[in-house]
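Asker: Structure provided below as structure tokens; questions to follow.
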Amino acid sequence: METEAEAAEYHSKDFEWEELRKEVESDPSLAYHLSPFEPSSSPFPPSFSPSSSSSSSPDSRAWSNFHTRHSTGKFFKERRYLLKEFPELVSCPDYSKVLEVGCGNGSTVLPILRRKENITVYACDCSSEALERAEENLEDASIVGISDCFRPFCCDFAITGFPKWLACDSCQEKFSKMLLPYHSGLSNCCIGGMDFITLIFTLSAVPLQRMPRALSECFSVLKRGGLLFFRDYGLYDMTMLRYEQEKRVGFREYMRSDGTRSYFFSLDSVKDLFLSAGFIKVPIYHFWNLWIWIVLGPGRKEGTTFTVNS
């Protein structure tokens with residue numbers, strides 16, 4: 001049983017966004033974060049050398065190398081706080097289907113499967129090394145029936161899109177016309193789409209120019225009335241402010257020395273990206289580290305949750 005102290009560890013803490021904004025924007029030492037950006041010939045740092053023989057993108061290779069270096073699986077902790085922020089992942093009907101996009105080593109998948117029986121999580125990542133770590137971590141957790149409820153697959157969704165066995169063209173057309181209800185069963189040609197999608201610290205790792213397609217792909221496999229849960233870096237996050245000027249590879253976009261990148265979202269950028277992909281407009285609140293509950297289609301009450309993480 002989780003103690004009150006343990007539970008508190010996973011709750012977010014409020015703060016005044018406007019105060020933070022004023023503090024950052026008035027600090028001359030942080031001015032380079034706000035200045036216009038002029039791109040160089042290559043966004044990748046000199047220390048990063050993507051394999052020229054690999055068919056994957058340099059960004060994918062960077063994350064594969066990252067997970068190889070952190071192969072012990074101790075780099076991430078279970079994200080148990082997500083179940084407190086997104087309780088629908090626990091209270092959802094039996095036999096719901098969840099797509100975890102950018103699953104990494106399973107730090108999001110594991111707490112979901114610990115708490116919810118009779119649910120299937122389809123987990124994808126652009127790194128086969130990450131998927132191997134996720135499978136190892138879930139096996140170590142000794143979850144009963146793990147082979148039936150955890151379905152990992154390799155996919156660089158922002159480049160190739162999702163495989164058609166998630167939702168075929170015919171089903172996607174029916175989703176768009178609202179002909180397939182929420183929690184409908186399997187189709188004869190695919191698994192019939194997703195009831196829920198989790199996008200946790202994944203979109204920020206996608207190059208900015210690929211984000212519209214990435215979200216359109218998520219929209220295309222999510223059933224009408226389904227939910228997408230999103231958490232990622234917010235503008236003026238401490239992680240952003242710690243980046244040196246030479247790490248900038250775009251406006252609000254940074255790259256680490258290992259070739260992995262992070263983008264830091266504003267409220268407007270989030271709203272524009274999701275609305276352009278077809279998601280329903282929802283109320284927006286100030287935030288630092290984003291928590292978003294975005295609602296799709298009819299049969300669901302519009303709503304959103306933003307909190308902050310200190």
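Ordering of the structure tokens sets the chain letters (A, B, ...), residue numbers begin anew at 1 in every chain, and ligands are numbered from 1 in the order given.
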Residues near Trp165 (chain A), anyone? I mean within 6 Å using only C-alpha atoms, not counting same-chain ones fewer than 2 positions away, as an MDAnalysis selection string.

Answerer: chainID A and resid 163 167 190

Asker: Could you pull out the alpha helix (DSSP H) residues of region 114-221 of chain A from DSSP and send them as a ChimeraX atom specification?

Answerer: /A:114-115,128-140,146-149,157-160,169-176,211-221

Asker: Can you tell me which residues surround region 26-37 of chain A at a distance of at most 12 Å, considering only C-alpha atoms, apart from same-chain residues fewer than 6 positions away, and format the answer as a ChimeraX atom specification?

Answerer: /A:19-20,43,235-254,263-264
